[in-house]
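*Asks:* The structure follows.
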Amino acid sequence: MRSALLTILVLVIPGVRQMTRYSPSRPSAPKRIVIAAGTIYDGKGVVLHNTRIVVEGSKIVAIDSNAGPVDYDLRGLTAMPGWIDAHVHITWIFGKDGKNGAAGWTPEEVAQQYANNARITLLAGFTTVQSVGSPGDLPLRDRIARGEIIGPRILTSAQPLTGQGEQTGTPDQIREFVRAQKQAGADLIKIFAAGGPTRNAPTLSQAQLDAACDEARRAGLRTLVHAYGPAVKMATIAGCTQIEHGVGASADDLKLMASKGVYLDPQAGLVWENYLLNKEKFVGTPYYPATLEGFASMEQLIPLYHQFLKQALQVPGLKILFGTDALAGSHGRNAEEFIDRVRDCGVDPMVALVAANALNARALKLADQIGSIAPGLQADIIALDGDPLKDITAVRRVLFVMKGGVVYKNGP
Ligand SMILES: [Zn+2]
């Protein structure tokens, strides 16, 4: 139902526009769209009132309260740049048996599941995601970029470097691995440098981490390091770009990150809430508890993550990103993380929104293209029913989604 509606929106609206704006002298002039908005959060923390956003082709060309005629009237909603999720696993699915994994699906059905994850993520307001840790992300990224399927812009790591102590390889072998990912089309390098929040021993030596992050830097790629406890400091010393999760890092480790400009990408609950919500699907699958009772310990982890984010908020200058770790069961529910941050960790709602806009864009090195509503940037624009500064649950009510000047959702 919804996808049929979308097809109509995408196919018919450009056609109408071509008819009304047809000009023999400028046959290739990009179509112009004017959006009226009552309230705009510009992505950097600035609020604009009663103005219009002018879009031509894929880009915003002006903010002009006198522009017209209006194509989309978003007055009554709250408009902002499309959100960026710094950490998802877009190709993580449940199998035909309903269990965590891809069991039972044909390759075509798997591709369909991936496409569905991408579609629901975009329609939830996320116009760009960084998907970290699966080579399956590459063809999905490319299909979306070619316009074959609907989804957010994807940046991905291809194969991650999974720390396994000495077995991971020598520093030279690690450098070779990093170059191979670049060759395979990776936008960044994902590194697993520790276990989980409870067993947080580093799984890479300092020399191995140094090699990975240095080689990535030489190749012009950023490094995202899954780290807990002592590995946080090690990755910071190694000059890696961004730390994922981070629980168990000391106040001094976080200060060191801030002084070196290393980004922190913590989570405030969605990932654990999702495991608990879907425990029947995860139970007994690799890396998850063998019994349902085993999931009780996860409930204790949630306050640990809340506490860690609160601790990080106290560190002056620490750049805290918005990354949800969305995986099977939480695709399309990424915005729940905003609610967790604001409700459970006391994050200022505007700070949470800016993290998912301008700050994430900077961390992705895409600040000149996305993350803000300003002339010259991609027309990634969403609008919510309600004001998330007053009621953070408004993030669940995304009624309008435009990515690169194309409207994918306009209405409930
Ligand atoms: Zn993850």
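We name chains A, B, ... following the order of the structure tokens; residues begin at 1 in each chain, and ligands are numbered from 1 as shown.
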Within 8 Å of ligand 1 (counting only C-alpha atoms and all ligand atoms), which residues show up? I'd like them as a ChimeraX atom specification.
*Replies:* /A:87-89,132-133,226,244,325-327
*Asks:* Considering only C-alpha atoms, return as a list of chain:residue names whatever protein or nucleic-acid residues lie within 8 Å of Leu204 in chain A, sequence-local ones (same chain, fewer than 4 positions apart) excluded.
*Replies:*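 Those residues are A:Gly163, A:Gln164, A:Gly165, A:Glu166, A:Thr168, A:Ala193, A:Ala194, A:Gln208, A:Leu209.
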*Asks:* Would you output that residue set with all heavy atoms, as a short mmCIF file (atom, residue, chain, number, x, y, z; two decimals), in the first residue's frame?
*Replies:*
```cif
data_model
loop_
_atom_site.label_atom_id
_atom_site.label_comp_id
_atom_site.auth_asym_id
_atom_site.auth_seq_id
_atom_site.Cartn_x
_atom_site.Cartn_y
_atom_site.Cartn_z
N GLY A 163 39.28 -8.09 15.68
CA GLY A 163 40.43 -8.39 16.52
C GLY A 163 40.32 -9.78 17.14
O GLY A 163 39.32 -10.11 17.76
N GLN A 164 41.39 -10.58 16.95
CA GLN A 164 41.46 -11.91 17.56
C GLN A 164 42.86 -12.13 18.09
O GLN A 164 43.48 -13.16 17.83
CB GLN A 164 41.17 -13.00 16.53
CG GLN A 164 39.85 -12.83 15.80
CD GLN A 164 39.75 -13.79 14.62
OE1 GLN A 164 39.57 -15.00 14.82
NE2 GLN A 164 39.90 -13.29 13.42
N GLY A 165 43.38 -11.12 18.77
CA GLY A 165 44.74 -11.22 19.30
C GLY A 165 45.74 -11.41 18.17
O GLY A 165 45.59 -10.83 17.10
N GLU A 166 46.75 -12.24 18.44
CA GLU A 166 47.81 -12.44 17.45
C GLU A 166 47.29 -13.01 16.14
O GLU A 166 47.82 -12.74 15.06
CB GLU A 166 48.89 -13.37 18.02
CG GLU A 166 49.88 -12.60 18.88
CD GLU A 166 51.11 -13.42 19.21
OE1 GLU A 166 51.33 -14.48 18.57
OE2 GLU A 166 51.83 -13.01 20.13
N THR A 168 44.90 -12.20 14.50
CA THR A 168 44.41 -11.17 13.57
C THR A 168 45.43 -10.93 12.47
O THR A 168 45.06 -10.59 11.35
CB THR A 168 44.18 -9.84 14.34
OG1 THR A 168 43.63 -10.13 15.61
CG2 THR A 168 43.26 -8.92 13.57
N ALA A 193 37.90 -3.92 18.41
CA ALA A 193 39.11 -3.92 19.22
C ALA A 193 38.89 -4.42 20.64
O ALA A 193 39.80 -4.37 21.47
CB ALA A 193 39.70 -2.51 19.26
N ALA A 194 37.67 -4.90 20.92
CA ALA A 194 37.37 -5.40 22.27
C ALA A 194 36.16 -6.32 22.18
O ALA A 194 35.46 -6.35 21.17
CB ALA A 194 37.08 -4.24 23.23
N GLN A 208 48.92 -3.44 16.60
CA GLN A 208 47.94 -3.81 15.57
C GLN A 208 46.97 -2.66 15.28
O GLN A 208 46.66 -2.35 14.13
CB GLN A 208 47.17 -5.06 16.01
CG GLN A 208 48.01 -6.34 15.96
CD GLN A 208 47.28 -7.51 16.59
OE1 GLN A 208 46.62 -7.37 17.63
NE2 GLN A 208 47.39 -8.68 15.97
N LEU A 209 46.50 -2.03 16.36
CA LEU A 209 45.58 -0.90 16.19
C LEU A 209 46.26 0.27 15.48
O LEU A 209 45.68 0.90 14.59
CB LEU A 209 45.08 -0.43 17.56
CG LEU A 209 43.69 -0.85 17.97
CD1 LEU A 209 43.40 -0.38 19.39
CD2 LEU A 209 42.62 -0.31 17.02
#
```
*Asks:* Once DSSP has gone over the backbone, tell me which residues of range 88-128 of chain A are in helix (DSSP H, G or I), as JSON, numbers by chain.
*Replies:* {"A": [107, 108, 109, 110, 111, 112, 113, 114, 115, 116, 117, 118, 119, 120, 121, 122, 123]}
*Asks:* Restrict the selected residues to N, CA, C and O atoms and save them as a CSV table (one decimal), in the first residue's frame.
*Replies:*
```csv
chain,number,residue,atom,x,y,z
A,107,PRO,N,18.7,-16.1,-2.3
A,107,PRO,CA,19.5,-14.9,-2.4
A,107,PRO,C,18.6,-13.7,-2.9
A,107,PRO,O,18.8,-12.6,-2.4
A,108,GLU,N,17.6,-14.0,-3.7
A,108,GLU,CA,16.7,-12.9,-4.1
A,108,GLU,C,15.9,-12.4,-2.9
A,108,GLU,O,15.6,-11.2,-2.8
A,109,GLU,N,15.4,-13.3,-2.1
A,109,GLU,CA,14.7,-12.9,-0.9
A,109,GLU,C,15.5,-12.1,0.1
A,109,GLU,O,15.1,-11.2,0.7
A,110,VAL,N,16.8,-12.5,0.2
A,110,VAL,CA,17.7,-11.8,1.1
A,110,VAL,C,17.8,-10.4,0.6
A,110,VAL,O,17.7,-9.4,1.3
A,111,ALA,N,18.0,-10.2,-0.8
A,111,ALA,CA,18.2,-8.9,-1.4
A,111,ALA,C,16.9,-8.1,-1.1
A,111,ALA,O,17.0,-6.9,-0.8
A,112,GLN,N,15.8,-8.7,-1.1
A,112,GLN,CA,14.5,-8.1,-0.9
A,112,GLN,C,14.4,-7.6,0.6
A,112,GLN,O,13.9,-6.5,0.9
A,113,GLN,N,14.9,-8.4,1.5
A,113,GLN,CA,14.9,-8.0,2.9
A,113,GLN,C,15.8,-6.8,3.1
A,113,GLN,O,15.5,-5.9,3.9
A,114,TYR,N,17.0,-6.8,2.5
A,114,TYR,CA,17.9,-5.7,2.6
A,114,TYR,C,17.2,-4.4,2.1
A,114,TYR,O,17.3,-3.4,2.7
A,115,ALA,N,16.5,-4.6,0.9
A,115,ALA,CA,15.9,-3.4,0.3
A,115,ALA,C,14.8,-2.9,1.3
A,115,ALA,O,14.6,-1.7,1.4
A,116,ASN,N,14.1,-3.8,1.9
A,116,ASN,CA,13.0,-3.4,2.8
A,116,ASN,C,13.6,-2.7,4.0
A,116,ASN,O,13.1,-1.6,4.5
A,117,ASN,N,14.7,-3.2,4.6
A,117,ASN,CA,15.4,-2.5,5.7
A,117,ASN,C,15.7,-1.0,5.3
A,117,ASN,O,15.6,-0.1,6.0
A,118,ALA,N,16.3,-0.9,4.0
A,118,ALA,CA,16.7,0.4,3.5
A,118,ALA,C,15.5,1.3,3.4
A,118,ALA,O,15.5,2.5,3.8
A,119,ARG,N,14.4,0.8,2.9
A,119,ARG,CA,13.2,1.6,2.6
A,119,ARG,C,12.6,2.1,4.0
A,119,ARG,O,12.3,3.3,4.1
A,120,ILE,N,12.4,1.2,4.9
A,120,ILE,CA,11.8,1.6,6.2
A,120,ILE,C,12.7,2.6,7.0
A,120,ILE,O,12.2,3.5,7.7
A,121,THR,N,14.0,2.5,6.8
A,121,THR,CA,14.9,3.4,7.4
A,121,THR,C,14.8,4.8,6.8
A,121,THR,O,14.7,5.8,7.6
A,122,LEU,N,14.7,4.9,5.5
A,122,LEU,CA,14.5,6.2,4.9
A,122,LEU,C,13.2,6.8,5.3
A,122,LEU,O,13.2,8.0,5.6
A,123,LEU,N,12.1,6.0,5.2
A,123,LEU,CA,10.8,6.6,5.5
A,123,LEU,C,10.7,7.0,7.0
A,123,LEU,O,9.8,7.7,7.4
```
*Asks:* Have a look at CA of Ala361 in chain A and CA of Ile84 in chain A and let me know their distance in Å, one decimal.
*Replies:* 7.3 Å
*Asks:* Please provide as a PDB file with all heavy atoms, in the first residue's frame all residues within 8 Å of Asp64 in chain A, with the sequence filter that same-chain residues fewer than 2 positions apart are discarded (counting only C-alpha atoms).
*Replies:*
```pdb
ATOM      1  N   THR A  51       9.373  30.605   6.707  1.00  0.00           N
ATOM      2  CA  THR A  51      10.142  30.874   5.501  1.00  0.00           C
ATOM      3  C   THR A  51       9.935  29.746   4.487  1.00  0.00           C
ATOM      4  O   THR A  51       9.097  28.860   4.703  1.00  0.00           O
ATOM      5  CB  THR A  51      11.633  31.114   5.847  1.00  0.00           C
ATOM      6  OG1 THR A  51      12.294  31.611   4.688  1.00  0.00           O
ATOM      7  CG2 THR A  51      12.315  29.860   6.356  1.00  0.00           C
ATOM      8  N   ARG A  52      10.661  29.801   3.403  1.00  0.00           N
ATOM      9  CA  ARG A  52      10.502  28.801   2.354  1.00  0.00           C
ATOM     10  C   ARG A  52      11.864  28.289   1.909  1.00  0.00           C
ATOM     11  O   ARG A  52      12.828  29.060   1.843  1.00  0.00           O
ATOM     12  CB  ARG A  52       9.732  29.406   1.173  1.00  0.00           C
ATOM     13  CG  ARG A  52       8.278  29.632   1.592  1.00  0.00           C
ATOM     14  CD  ARG A  52       7.488  30.454   0.632  1.00  0.00           C
ATOM     15  NE  ARG A  52       6.146  30.671   1.203  1.00  0.00           N
ATOM     16  CZ  ARG A  52       5.163  31.310   0.589  1.00  0.00           C
ATOM     17  NH1 ARG A  52       5.365  31.816  -0.623  1.00  0.00           N
ATOM     18  NH2 ARG A  52       3.989  31.444   1.172  1.00  0.00           N
ATOM     19  N   ILE A  53      11.889  27.005   1.646  1.00  0.00           N
ATOM     20  CA  ILE A  53      13.126  26.370   1.170  1.00  0.00           C
ATOM     21  C   ILE A  53      12.946  26.140  -0.326  1.00  0.00           C
ATOM     22  O   ILE A  53      11.943  25.555  -0.756  1.00  0.00           O
ATOM     23  CB  ILE A  53      13.364  25.012   1.864  1.00  0.00           C
ATOM     24  CG1 ILE A  53      13.330  25.161   3.391  1.00  0.00           C
ATOM     25  CG2 ILE A  53      14.678  24.394   1.410  1.00  0.00           C
ATOM     26  CD1 ILE A  53      13.236  23.827   4.142  1.00  0.00           C
ATOM     27  N   VAL A  54      13.916  26.625  -1.107  1.00  0.00           N
ATOM     28  CA  VAL A  54      13.835  26.439  -2.557  1.00  0.00           C
ATOM     29  C   VAL A  54      14.833  25.363  -2.967  1.00  0.00           C
ATOM     30  O   VAL A  54      16.027  25.442  -2.640  1.00  0.00           O
ATOM     31  CB  VAL A  54      14.139  27.757  -3.306  1.00  0.00           C
ATOM     32  CG1 VAL A  54      13.955  27.557  -4.812  1.00  0.00           C
ATOM     33  CG2 VAL A  54      13.269  28.888  -2.777  1.00  0.00           C
ATOM     34  N   ALA A  62      18.054  28.076  -2.087  1.00  0.00           N
ATOM     35  CA  ALA A  62      17.779  29.320  -1.365  1.00  0.00           C
ATOM     36  C   ALA A  62      16.864  29.066  -0.176  1.00  0.00           C
ATOM     37  O   ALA A  62      16.086  28.106  -0.164  1.00  0.00           O
ATOM     38  CB  ALA A  62      17.122  30.338  -2.304  1.00  0.00           C
ATOM     39  N   ASN A  66       9.978  34.814   0.392  1.00  0.00           N
ATOM     40  CA  ASN A  66       9.119  35.303  -0.698  1.00  0.00           C
ATOM     41  C   ASN A  66       9.014  34.326  -1.865  1.00  0.00           C
ATOM     42  O   ASN A  66       8.327  34.621  -2.850  1.00  0.00           O
ATOM     43  CB  ASN A  66       9.655  36.637  -1.226  1.00  0.00           C
ATOM     44  CG  ASN A  66       9.604  37.710  -0.155  1.00  0.00           C
ATOM     45  OD1 ASN A  66       8.593  37.837   0.541  1.00  0.00           O
ATOM     46  ND2 ASN A  66      10.691  38.437   0.008  1.00  0.00           N
ATOM     47  N   ALA A  67       9.703  33.205  -1.794  1.00  0.00           N
ATOM     48  CA  ALA A  67       9.696  32.266  -2.927  1.00  0.00           C
ATOM     49  C   ALA A  67       8.304  31.675  -3.134  1.00  0.00           C
ATOM     50  O   ALA A  67       7.524  31.536  -2.201  1.00  0.00           O
ATOM     51  CB  ALA A  67      10.709  31.157  -2.691  1.00  0.00           C
TER      52      ALA A  67
END
```
*Asks:* Under the rule that only C-alpha atoms are counted, which of A:Arg362, A:Ala328, A:Gln267, A:Gly284 is the nearest residue to Lys310 in chain A?
*Replies:*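 Of A:Arg362, A:Ala328, A:Gln267, A:Gly284, the one nearest Lys310 in chain A, counting only C-alpha atoms, is A:Gln267.
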